[in-house]
file final_18.txt (compact mmCIF, C-alpha atoms)
# COMPACT_ATOMS: atom_id res chain seq x y z
CA MET A 1 -40.46 -7.01 18.68
CA LYS A 2 -40.75 -4.58 21.63
CA THR A 3 -38.18 -6.64 23.54
CA ILE A 4 -35.74 -6.52 20.58
CA PHE A 5 -36.01 -2.73 20.35
CA LYS A 6 -35.45 -2.39 24.11
CA VAL A 7 -32.27 -4.48 23.90
CA MET A 8 -31.00 -2.48 20.90
CA PHE A 9 -31.71 0.79 22.74
CA LEU A 10 -29.70 -0.40 25.75
CA LEU A 11 -26.74 -1.40 23.54
CA CYS A 12 -26.72 2.03 21.92
CA THR A 13 -26.83 3.93 25.21
CA ILE A 14 -24.30 1.90 27.23
CA GLY A 15 -21.16 3.92 27.63
CA LEU A 16 -22.85 7.26 26.83
CA VAL A 17 -23.29 8.09 30.52
CA PRO A 18 -20.40 10.38 31.43
CA SER A 19 -17.90 9.17 33.96
CA VAL A 20 -15.42 11.09 36.05
CA ALA A 21 -11.84 9.88 36.17
CA LYS A 22 -8.66 11.46 37.42
CA ALA A 23 -6.49 12.63 34.51
CA GLN A 24 -3.34 10.59 34.06
CA GLU A 25 -0.12 12.47 34.52
CA LYS A 26 2.98 12.16 32.34
CA VAL A 27 5.55 9.84 33.90
CA ILE A 28 9.15 10.87 33.27
CA ILE A 29 11.37 7.81 33.33
CA ASP A 30 14.65 9.73 33.36
CA ASP A 31 14.15 13.40 34.18
CA GLU A 32 17.81 14.36 34.28
CA ALA A 33 19.04 12.86 31.03
CA SER A 34 18.81 14.95 27.87
CA ASN A 35 17.15 12.04 26.12
CA GLY A 36 14.57 11.50 28.83
CA ILE A 37 11.46 9.54 27.93
CA VAL A 38 7.87 10.38 28.75
CA MET A 39 5.18 7.69 28.87
CA VAL A 40 1.73 9.03 28.06
CA THR A 41 -1.66 7.91 26.87
CA ILE A 42 -2.26 8.89 23.25
CA ASP A 43 -4.73 11.63 24.18
CA LYS A 44 -1.93 13.37 26.13
CA ALA A 45 0.46 13.38 23.17
CA GLY A 46 1.16 16.56 21.21
CA ASP A 47 -1.12 17.57 18.34
CA GLU A 48 1.58 16.85 15.75
CA ILE A 49 2.15 13.30 17.02
CA VAL A 50 -1.59 12.58 17.16
CA ARG A 51 -2.05 13.93 13.62
CA ILE A 52 0.70 11.74 12.13
CA MET A 53 -0.51 8.72 14.09
CA ASN A 54 -4.10 9.14 12.85
CA GLU A 55 -3.22 9.98 9.23
CA SER A 56 -1.07 6.86 8.94
CA GLN A 57 -3.86 4.51 10.09
CA PHE A 58 -5.44 2.23 7.46
CA ARG A 59 -9.23 2.12 7.07
CA TYR A 60 -9.42 -1.65 7.45
CA ILE A 61 -11.22 -3.51 10.21
CA HIS A 62 -8.43 -6.06 10.75
CA ASP A 63 -5.69 -3.43 10.99
CA PRO A 64 -4.89 -2.44 14.61
CA LYS A 65 -6.06 0.90 15.94
CA ALA A 66 -3.68 3.61 17.13
CA PRO A 67 -1.90 2.43 20.31
CA ARG A 68 -3.25 3.46 23.70
CA PHE A 69 0.17 4.21 25.20
CA LEU A 70 3.20 6.01 23.75
CA LEU A 71 6.83 6.45 24.70
CA MET A 72 7.86 9.99 23.72
CA ASP A 73 11.04 12.00 23.82
CA LYS A 74 10.84 14.96 26.22
CA LYS A 75 10.44 17.45 23.36
CA GLY A 76 7.42 15.57 22.02
CA LYS A 77 8.84 15.20 18.50
CA PHE A 78 9.09 11.38 18.37
CA ALA A 79 6.70 8.73 19.70
CA LEU A 80 6.88 4.93 19.83
CA GLY A 81 3.59 3.14 20.19
CA ILE A 82 3.21 -0.50 21.22
CA GLY A 83 -0.21 -1.94 20.57
CA GLY A 84 -2.36 -4.54 18.91
CA TYR A 85 -5.33 -6.68 19.82
CA VAL A 86 -6.27 -10.07 21.21
CA ARG A 87 -8.87 -11.63 18.95
CA ALA A 88 -10.82 -14.84 19.57
CA THR A 89 -13.43 -16.37 17.26
CA ALA A 90 -15.74 -19.36 17.43
CA GLU A 91 -16.88 -20.92 14.14
CA TYR A 92 -19.52 -23.51 13.36
CA ASP A 93 -20.06 -24.95 9.85
CA PHE A 94 -23.33 -26.67 8.94
CA GLY A 95 -24.93 -28.01 5.77
CA GLY A 96 -21.43 -28.34 4.29
CA ILE A 97 -17.98 -27.27 5.47
CA VAL A 98 -15.04 -25.14 4.37
CA ASP A 99 -11.77 -26.99 4.94
CA ASN A 100 -10.00 -23.94 6.39
CA MET A 101 -10.07 -21.58 9.35
CA ASP A 102 -11.06 -18.77 6.93
CA PHE A 103 -14.23 -19.02 4.86
CA ILE A 104 -12.78 -19.72 1.40
CA PRO A 105 -15.29 -21.11 -1.13
CA ALA A 106 -12.42 -22.62 -3.15
CA TYR A 107 -11.83 -24.93 -0.16
CA ILE A 108 -15.35 -26.37 -0.11
CA PRO A 109 -14.71 -30.11 -0.71
CA ASN A 110 -15.98 -31.73 -3.90
CA ALA A 111 -17.19 -34.63 -1.80
CA SER A 112 -17.23 -34.93 1.97
CA LYS A 113 -19.17 -37.09 4.43
CA VAL A 114 -18.63 -34.42 7.11
CA LYS A 115 -21.32 -31.72 6.98
CA ASN A 116 -20.74 -30.02 10.33
CA GLN A 117 -17.61 -28.58 11.91
CA PHE A 118 -16.69 -26.61 15.05
CA GLN A 119 -13.53 -24.50 15.33
CA MET A 120 -12.05 -21.81 17.57
CA ASP A 121 -9.16 -19.51 16.69
CA ALA A 122 -6.99 -16.85 18.33
CA SER A 123 -4.09 -16.93 15.85
CA THR A 124 -5.04 -13.62 14.21
CA SER A 125 -4.24 -11.74 17.43
CA THR A 126 -1.80 -9.01 16.42
CA ILE A 127 0.97 -6.96 18.02
CA PHE A 128 2.78 -3.98 16.49
CA LEU A 129 5.45 -1.33 17.03
CA LYS A 130 4.93 2.09 15.46
CA LEU A 131 7.40 4.97 15.52
CA VAL A 132 6.19 8.35 14.23
CA GLY A 133 7.76 11.79 14.11
CA HIS A 134 8.63 14.80 11.98
CA THR A 135 12.03 16.08 10.85
CA LYS A 136 13.16 18.67 8.29
CA LEU A 137 14.78 15.98 6.13
CA LEU A 138 12.14 13.24 6.27
CA GLY A 139 9.00 15.28 6.93
CA ASP A 140 6.27 13.15 8.52
CA PHE A 141 7.70 9.66 8.90
CA VAL A 142 6.40 6.31 10.10
CA VAL A 143 8.33 3.13 10.92
CA TYR A 144 5.95 0.22 11.43
CA THR A 145 6.18 -3.51 12.04
CA ALA A 146 3.38 -5.92 12.94
CA GLY A 147 2.71 -9.62 13.10
CA ASN A 148 0.21 -12.26 14.16
CA PHE A 149 0.32 -16.00 14.82
CA ARG A 150 -0.95 -17.29 11.48
CA GLY A 151 2.31 -19.01 10.57
CA GLY A 152 2.54 -22.81 10.46
CA ASP A 153 1.61 -24.39 13.82
CA LYS A 154 0.55 -20.91 15.00
CA VAL A 155 4.08 -19.48 15.04
CA PHE A 156 4.58 -15.72 14.83
CA GLN A 157 4.21 -14.40 11.26
CA LEU A 158 5.24 -11.04 9.83
CA ARG A 159 2.33 -8.93 8.53
CA ASN A 160 3.95 -5.55 7.94
CA ALA A 161 7.48 -4.11 8.12
CA TYR A 162 7.91 -0.79 6.35
CA MET A 163 9.03 2.82 6.64
CA SER A 164 7.26 5.80 5.11
CA PHE A 165 8.55 9.35 4.58
CA ARG A 166 7.97 12.16 2.07
CA ASN A 167 5.13 10.07 0.55
CA VAL A 168 7.60 7.23 -0.17
CA THR A 169 7.01 3.75 1.30
CA VAL A 170 9.73 1.10 1.42
CA GLY A 171 9.28 -2.36 2.91
CA TYR A 172 6.72 -5.14 3.26
CA THR A 173 3.09 -4.02 3.40
CA TYR A 174 -0.26 -3.99 1.58
CA GLY A 175 0.08 -4.00 -2.20
CA GLY A 176 -0.86 -1.20 -4.58
CA PHE A 177 -3.36 -3.34 -6.52
CA MET A 178 -5.97 -3.32 -3.77
CA ASP A 179 -8.14 -0.87 -1.84
CA LEU A 180 -8.26 -1.40 1.91
CA ALA A 181 -10.80 1.39 2.45
CA ALA A 182 -13.34 -0.33 0.17
CA LEU A 183 -13.24 -3.68 2.01
CA PRO A 184 -16.26 -4.56 4.18
CA SER A 185 -16.20 -5.32 7.89
CA THR A 186 -16.16 -9.09 8.45
CA ILE A 187 -15.28 -11.43 11.27
CA ASP A 188 -13.99 -13.82 8.61
CA PHE A 189 -10.32 -12.81 8.48
CA GLN A 190 -9.86 -13.24 4.72
CA GLY A 191 -13.03 -11.48 3.63
CA PRO A 192 -14.92 -11.58 0.30
CA ASN A 193 -13.63 -14.18 -2.13
CA GLY A 194 -13.69 -11.74 -5.07
CA ALA A 195 -11.67 -9.05 -3.29
CA THR A 196 -8.02 -8.33 -4.06
CA PHE A 197 -5.85 -8.69 -0.98
CA TYR A 198 -2.11 -9.32 -0.66
CA ARG A 199 1.13 -7.98 0.80
CA ALA A 200 4.42 -7.46 -1.01
CA THR A 201 7.88 -6.03 -0.47
CA GLN A 202 7.83 -2.82 -2.46
CA LEU A 203 8.98 0.69 -3.28
CA ALA A 204 5.98 2.98 -3.64
CA TYR A 205 5.29 6.68 -4.09
CA THR A 206 2.02 8.54 -3.48
CA TYR A 207 1.41 12.02 -4.90
CA LYS A 208 -1.06 14.16 -2.91
CA GLY A 209 -0.42 17.57 -4.45
CA LEU A 210 -3.87 18.03 -6.06
CA LYS A 211 -6.94 18.75 -3.95
CA ASN A 212 -9.12 15.65 -3.48
CA TRP A 213 -6.82 13.59 -5.73
CA ARG A 214 -4.24 10.94 -4.93
CA PHE A 215 -1.91 9.19 -7.40
CA HIS A 216 0.11 6.12 -6.49
CA ALA A 217 2.72 3.93 -8.23
CA SER A 218 4.72 0.99 -6.91
CA ILE A 219 7.37 -1.56 -7.86
CA GLU A 220 6.69 -4.84 -6.05
CA VAL A 221 8.48 -8.15 -5.60
CA PRO A 222 6.50 -10.72 -7.63
CA SER A 223 5.06 -13.95 -6.31
CA VAL A 224 4.02 -16.41 -9.03
CA ASP A 225 2.19 -19.67 -8.44
CA GLY A 226 1.40 -21.93 -11.38
CA THR A 227 0.13 -25.34 -12.34
CA THR A 228 3.04 -27.34 -13.75
CA ASN A 229 3.79 -30.74 -15.29
CA ASP A 230 6.80 -32.85 -16.23
CA GLN A 231 7.75 -30.43 -19.01
CA LEU A 232 6.99 -27.07 -17.39
CA SER A 233 8.01 -25.33 -14.16
CA VAL A 234 7.78 -21.84 -12.66
CA ALA A 235 11.23 -20.22 -12.64
CA GLN A 236 12.91 -17.44 -10.67
CA GLN A 237 11.25 -14.19 -11.65
CA ARG A 238 13.19 -11.60 -13.68
CA MET A 239 10.86 -8.58 -13.46
CA PRO A 240 8.98 -6.83 -10.66
CA ASP A 241 5.25 -6.22 -10.70
CA PHE A 242 4.17 -2.66 -11.54
CA THR A 243 1.01 -1.14 -10.05
CA ALA A 244 -0.61 2.31 -10.23
CA TYR A 245 -3.88 3.97 -9.28
CA ALA A 246 -5.67 7.32 -9.30
CA GLN A 247 -8.15 8.16 -6.55
CA TYR A 248 -10.67 10.96 -6.13
CA GLY A 249 -12.01 11.57 -2.64
CA TRP A 250 -14.79 13.71 -1.21
CA GLY A 251 -16.25 14.15 2.23
CA ALA A 252 -14.72 12.39 5.21
CA ASN A 253 -14.75 8.77 4.01
CA SER A 254 -15.87 8.71 0.36
CA HIS A 255 -13.68 7.92 -2.63
CA LEU A 256 -13.51 6.40 -6.11
CA ARG A 257 -10.35 4.60 -7.27
CA VAL A 258 -9.22 3.18 -10.63
CA GLY A 259 -6.02 1.15 -10.80
CA GLY A 260 -4.00 -1.30 -12.84
CA LEU A 261 -1.22 -3.87 -12.70
CA VAL A 262 1.28 -5.30 -15.21
CA ARG A 263 3.51 -8.31 -14.53
CA SER A 264 5.84 -10.63 -16.41
CA MET A 265 5.84 -14.28 -15.25
CA THR A 266 8.86 -16.44 -16.06
CA TYR A 267 8.81 -20.21 -16.63
CA THR A 268 11.05 -22.90 -18.10
CA SER A 269 10.33 -25.83 -20.40
CA THR A 270 12.25 -29.02 -21.03
CA LEU A 271 11.57 -28.45 -24.73
CA SER A 272 13.53 -25.20 -24.77
CA ASN A 273 17.03 -24.22 -23.64
CA HIS A 274 15.96 -20.77 -22.41
CA ALA A 275 13.38 -19.26 -20.07
CA SER A 276 10.11 -17.83 -21.40
CA ASP A 277 7.67 -15.22 -20.11
CA VAL A 278 3.92 -14.72 -19.99
CA THR A 279 2.49 -11.23 -19.48
CA GLY A 280 -0.21 -10.73 -16.88
CA TRP A 281 -2.32 -7.62 -16.38
CA GLY A 282 -5.26 -6.39 -14.39
CA ILE A 283 -7.62 -3.42 -14.10
CA GLN A 284 -9.65 -2.47 -11.07
CA ALA A 285 -12.32 -0.01 -9.93
CA SER A 286 -13.38 0.42 -6.30
CA THR A 287 -15.39 2.80 -4.18
CA SER A 288 -16.71 3.54 -0.72
CA PHE A 289 -19.12 6.39 -0.07
CA ASN A 290 -21.69 7.60 2.43
CA LEU A 291 -25.29 7.86 1.28
CA SER A 292 -26.18 9.46 4.61
CA LYS A 293 -24.99 9.50 8.21
CA LYS A 294 -26.41 5.99 8.58
CA TRP A 295 -25.65 4.29 5.25
CA GLU A 296 -22.32 3.44 3.62
CA ILE A 297 -21.98 1.70 0.23
CA PHE A 298 -18.81 -0.06 -0.95
CA GLY A 299 -17.64 -2.31 -3.75
CA GLN A 300 -14.85 -3.40 -6.06
CA ALA A 301 -14.49 -5.06 -9.49
CA THR A 302 -11.27 -6.59 -10.86
CA TYR A 303 -10.57 -8.22 -14.22
CA GLY A 304 -7.37 -9.41 -15.87
CA LYS A 305 -5.12 -12.26 -16.92
CA GLY A 306 -2.62 -14.05 -14.69
CA ILE A 307 -3.62 -12.17 -11.53
CA GLY A 308 -4.72 -15.16 -9.45
CA GLN A 309 -2.15 -14.28 -6.78
CA TYR A 310 -4.16 -11.17 -5.88
CA LEU A 311 -7.75 -12.49 -5.77
CA ASN A 312 -8.73 -14.04 -2.44
CA ASP A 313 -10.35 -17.26 -3.71
CA ILE A 314 -8.21 -17.83 -6.80
CA SER A 315 -4.94 -17.23 -4.94
CA ASN A 316 -5.35 -20.72 -3.48
CA LEU A 317 -5.49 -22.50 -6.87
CA ASN A 318 -1.98 -22.03 -8.37
CA VAL A 319 -3.32 -20.58 -11.62
CA ASP A 320 -1.24 -17.46 -12.23
CA ILE A 321 0.12 -19.42 -15.19
CA VAL A 322 -0.99 -22.85 -16.43
CA PRO A 323 0.04 -25.21 -19.28
CA ASN A 324 -1.47 -24.36 -22.66
CA PRO A 325 -3.16 -27.60 -23.87
CA GLU A 326 -2.95 -26.42 -27.48
CA LYS A 327 0.78 -25.54 -27.46
CA GLU A 328 3.17 -28.16 -26.13
CA GLY A 329 5.86 -26.74 -23.85
CA LYS A 330 4.05 -23.39 -23.46
CA MET A 331 2.24 -21.77 -20.54
CA GLN A 332 -0.59 -19.26 -20.59
CA ALA A 333 -2.30 -16.70 -18.36
CA LEU A 334 -6.03 -17.31 -17.89
CA PRO A 335 -8.70 -14.58 -17.75
CA MET A 336 -10.21 -14.10 -14.29
CA LEU A 337 -12.73 -11.87 -12.54
CA GLY A 338 -13.43 -10.88 -8.96
CA TRP A 339 -15.96 -8.46 -7.50
CA PHE A 340 -17.99 -7.61 -4.42
CA ALA A 341 -20.66 -5.11 -3.40
CA GLY A 342 -22.17 -4.35 -0.03
CA ALA A 343 -23.69 -1.89 2.40
CA GLN A 344 -23.30 -0.94 6.05
CA TYR A 345 -25.99 0.58 8.27
CA ASN A 346 -24.94 2.37 11.45
CA ILE A 347 -27.74 1.78 13.93
CA CYS A 348 -26.03 4.04 16.45
CA PRO A 349 -22.43 5.08 17.20
CA LYS A 350 -21.75 1.75 18.89
CA VAL A 351 -23.68 -0.76 16.75
CA PHE A 352 -23.66 -1.40 13.01
CA VAL A 353 -24.78 -4.13 10.62
CA SER A 354 -23.48 -4.95 7.14
CA THR A 355 -23.98 -7.35 4.27
CA THR A 356 -21.81 -8.17 1.23
CA TYR A 357 -22.09 -10.42 -1.81
CA SER A 358 -18.97 -11.46 -3.73
CA MET A 359 -17.95 -13.66 -6.65
CA SER A 360 -14.68 -14.80 -8.23
CA ARG A 361 -14.47 -16.58 -11.58
CA LEU A 362 -11.79 -18.36 -13.60
CA TYR A 363 -12.37 -18.52 -17.37
CA SER A 364 -11.36 -21.28 -19.78
CA GLU A 365 -8.97 -20.54 -22.63
CA ASN A 366 -7.24 -22.74 -25.23
CA GLY A 367 -8.92 -25.85 -23.90
CA TYR A 368 -8.10 -25.38 -20.18
CA PRO A 369 -8.79 -27.49 -18.16
CA ASN A 370 -8.84 -30.23 -20.78
CA ASP A 371 -8.45 -33.24 -18.47
CA GLN A 372 -9.67 -31.89 -15.09
CA PRO A 373 -13.38 -31.07 -15.37
CA SER A 374 -13.68 -30.96 -11.57
CA SER A 375 -11.41 -27.90 -11.39
CA TYR A 376 -12.70 -24.71 -9.78
CA ARG A 377 -14.70 -22.48 -12.13
CA TYR A 378 -16.28 -19.88 -9.85
CA GLY A 379 -17.13 -19.26 -6.21
CA GLN A 380 -19.76 -17.17 -4.44
CA TYR A 381 -19.64 -15.60 -0.97
CA LEU A 382 -22.44 -14.02 1.05
CA VAL A 383 -21.91 -12.48 4.49
CA THR A 384 -24.22 -10.69 6.94
CA ASN A 385 -23.04 -9.52 10.35
CA VAL A 386 -23.55 -7.23 13.33
CA PHE A 387 -20.82 -5.52 15.40
CA TRP A 388 -21.10 -3.87 18.82
CA ASN A 389 -18.30 -1.64 20.09
CA VAL A 390 -18.84 -2.30 23.77
CA THR A 391 -16.09 0.15 24.73
CA PRO A 392 -13.60 2.12 22.59
CA ASN A 393 -11.26 -0.88 22.88
CA MET A 394 -13.59 -3.89 23.02
CA GLN A 395 -15.65 -5.21 20.12
CA VAL A 396 -17.97 -8.21 19.82
CA GLY A 397 -19.78 -9.48 16.76
CA ALA A 398 -21.84 -12.23 15.17
CA GLU A 399 -21.82 -13.29 11.51
CA TYR A 400 -23.50 -15.64 9.03
CA LEU A 401 -21.66 -16.80 5.88
CA ARG A 402 -22.88 -18.78 2.88
CA GLY A 403 -20.50 -20.06 0.21
CA TRP A 404 -20.82 -21.90 -3.12
CA ARG A 405 -18.17 -23.57 -5.28
CA THR A 406 -18.98 -24.49 -8.89
CA ASP A 407 -16.57 -26.53 -11.02
CA PHE A 408 -16.08 -26.66 -14.80
CA ASN A 409 -18.29 -29.77 -14.91
CA ASN A 410 -21.09 -27.58 -13.41
CA SER A 411 -21.24 -29.48 -10.12
CA THR A 412 -21.91 -27.12 -7.18
CA HIS A 413 -21.10 -27.58 -3.49
CA HIS A 414 -21.98 -25.22 -0.67
CA ALA A 415 -21.28 -24.49 3.00
CA ASN A 416 -22.68 -22.36 5.83
CA ARG A 417 -20.86 -20.86 8.80
CA MET A 418 -21.72 -18.94 11.96
CA ASN A 419 -18.95 -16.80 13.47
CA LEU A 420 -18.73 -15.17 16.89
CA LEU A 421 -16.04 -12.60 17.80
CA VAL A 422 -14.56 -11.05 20.92
CA GLN A 423 -11.68 -8.59 20.39
CA TYR A 424 -9.82 -6.27 22.74
CA SER A 425 -7.40 -3.64 21.46
CA PHE A 426 -4.50 -2.23 23.47
call {"tool": "encode", "arguments": {"input": "final_18.txt", "output": "structure tokens"}}
result
Amino acid sequence: MKTIFKVMFLLCTIGLVPSVAKAQEKVIIDDEASNGIVMVTIDKAGDEIVRIMNESQFRYIHDPKAPRFLLMDKKGKFALGIGGYVRATAEYDFGGIVDNMDFIPAYIPNASKVKNQFQMDASTSTIFLKLVGHTKLLGDFVVYTAGNFRGGDKVFQLRNAYMSFRNVTVGYTYGGFMDLAALPSTIDFQGPNGATFYRATQLAYTYKGLKNWRFHASIEVPSVDGTTNDQLSVAQQRMPDFTAYAQYGWGANSHLRVGGLVRSMTYTSTLSNHASDVTGWGIQASTSFNLSKKWEIFGQATYGKGIGQYLNDISNLNVDIVPNPEKEGKMQALPMLGWFAGAQYNICPKVFVSTTYSMSRLYSENGYPNDQPSSYRYGQYLVTNVFWNVTPNMQVGAEYLRGWRTDFNNSTHHANRMNLLVQYSF
């Protein structure tokens, strides 16, 4: 035990010894031109640029930090940051496997002779461009685009592409029916199976005019996946999804949020000469708050019908709408639930540990699933990890995951995984 405490003490004190370095000077690329550009490190940027850059950052462990270097106009009113991170993980499954790079309980096989699996991945490495500034017309504005290599065969894939000004956001980014700040820190890139997580092209507005309060509403492009048959098929969608939330915040990083979603899902039937719709809806409550300087508590609970697209585990099952066994030629939206709760303990400024338990559940209605008893019923997800911020830009971590999948016939299958992480931000 004494040896363990000595090692932990060394980890906490590394990097605290002051160092002396020559201050970097601004480099003017074109001093004579009126539109000359200055390249600086972010700590040399003007206060206004730093403020906008920091306020527009998401509190989410997999979202890149503010860039280290900026290109600025000579007046210091606009700045373009180029940044991202290189992220490499090693994964080992034992006592059962998950048939995916991410730890998704829905992908635990019903029957598999393989009980162990080794994988390595660098496809979540991310690069971004971020332009920030302030004008009389637009106020504080942000133009942001980012991507990683999680497309098919590890091709580049768009993660975000949006602009934000006057509290209006237009483009492709995180959806309004989720809470990034409540999500736990995990090496597993997808995170808790009962969490809501998705991106959508949208038009959103956030009102911040009341102290400690924030109100948000969005219109989002729908994405509907369903289970179909010879008679039924998912059609082109005729209505956007509508989301809204109200959030109360206190302290530096504490908040409570309540939100909702309404959607109309269109399908066609060979028994009818016109398209039909099924209404989906969801309600959600989430929070993250500090019990003390050392402890942080977080959690989220989501319930609704036809919201499988937004729940991590259930989004892989094509159950936004499914055939209604009791009504020929009709589809239905099933009830579903997702939740997680966890805690983080900050051992010191550079080292923290966390643990989270999560569950997602699909409920039967009108006889579903009448002829597929081996269909997914619910999944469970347990994660415990430790992170060490070796330097302000380098992070390493280790993680244990345990997952269970239970089907409607009550058979249960499980898997275990160890994750290791090395990440460097730039």
call {"tool": "residues_near_point", "arguments": {"input": "final_18.txt", "point": "(-22.5, -8.5, 6.8)", "cutoff": "12 Å", "atoms": "only C-alpha atoms", "output": "VMD selection string"}}
result
chain A and resid 183 to 188 191 to 192 341 to 345 352 to 358 381 to 387 397 to 402 418 to 419
call {"tool": "atom_distance", "arguments": {"input": "final_18.txt", "atom1": "CA of Gly147 in chain A", "atom2": "CA of Tyr92 in chain A"}}
result
26.2 Å
call {"tool": "closest_atom_pairs", "arguments": {"input": "final_18.txt", "of": "range 315-378 of chain A", "to": "range 271-295 of chain A", "cutoff": "8 Å", "atoms": "all atoms listed in the file", "output": "CSV"}}
result
residue,atom,partner,partner_atom,distance
A:Ile321,CA,A:Val278,CA,7.7
A:Gly329,CA,A:Leu271,CA,6.0
A:Met331,CA,A:Val278,CA,7.3
A:Gln332,CA,A:Val278,CA,6.4
A:Ala333,CA,A:Gly280,CA,6.5
A:Ala343,CA,A:Trp295,CA,7.1
A:Gln344,CA,A:Trp295,CA,5.8
A:Tyr345,CA,A:Trp295,CA,4.8
A:Asn346,CA,A:Lys294,CA,4.8
A:Ile347,CA,A:Lys294,CA,6.9
call {"tool": "closest_residue", "arguments": {"input": "final_18.txt", "among": "A:Thr227, A:Thr169, A:Asn409, A:Thr201", "to": "Asn316 in chain A", "atoms": "only C-alpha atoms"}}
result
A:Thr227
call {"tool": "residues_around", "arguments": {"input": "final_18.txt", "residues": "Asn312 in chain A", "least_positions_apart": "3", "cutoff": "9 Å", "atoms": "all atoms listed in the file", "output": "PyMOL selection string"}}
result
chain A and resi 104+190-198+308-309+315-316+338+360
call {"tool": "atom_distance", "arguments": {"input": "final_18.txt", "atom1": "CA of Lys75 in chain A", "atom2": "CA of Ile127 in chain A"}}
result
26.7 Å
call {"tool": "residues_near_point", "arguments": {"input": "final_18.txt", "point": "(-2.6, 1.2, 25.1)", "cutoff": "10 Å", "atoms": "all atoms listed in the file", "output": "list in words"}}
result
Val40, Thr41, Ile42, Lys65, Ala66, Pro67, Arg68, Phe69, Leu70, Gly81, Ile82, Gly83, Gly84, Tyr85, Asn393, Ser425 and Phe426 of chain A
call {"tool": "write_last_selection", "arguments": {"input": "final_18.txt", "atoms": "C-alpha atoms", "output": "compact mmCIF listing (two decimals), in the coordinates of the input"}}
result
# COMPACT_ATOMS: atom_id res chain seq x y z
CA VAL A 40 1.73 9.03 28.06
CA THR A 41 -1.66 7.91 26.87
CA ILE A 42 -2.26 8.89 23.25
CA LYS A 65 -6.06 0.90 15.94
CA ALA A 66 -3.68 3.61 17.13
CA PRO A 67 -1.90 2.43 20.31
CA ARG A 68 -3.25 3.46 23.70
CA PHE A 69 0.17 4.21 25.20
CA LEU A 70 3.20 6.01 23.75
CA GLY A 81 3.59 3.14 20.19
CA ILE A 82 3.21 -0.50 21.22
CA GLY A 83 -0.21 -1.94 20.57
CA GLY A 84 -2.36 -4.54 18.91
CA TYR A 85 -5.33 -6.68 19.82
CA ASN A 393 -11.26 -0.88 22.88
CA SER A 425 -7.40 -3.64 21.46
CA PHE A 426 -4.50 -2.23 23.47
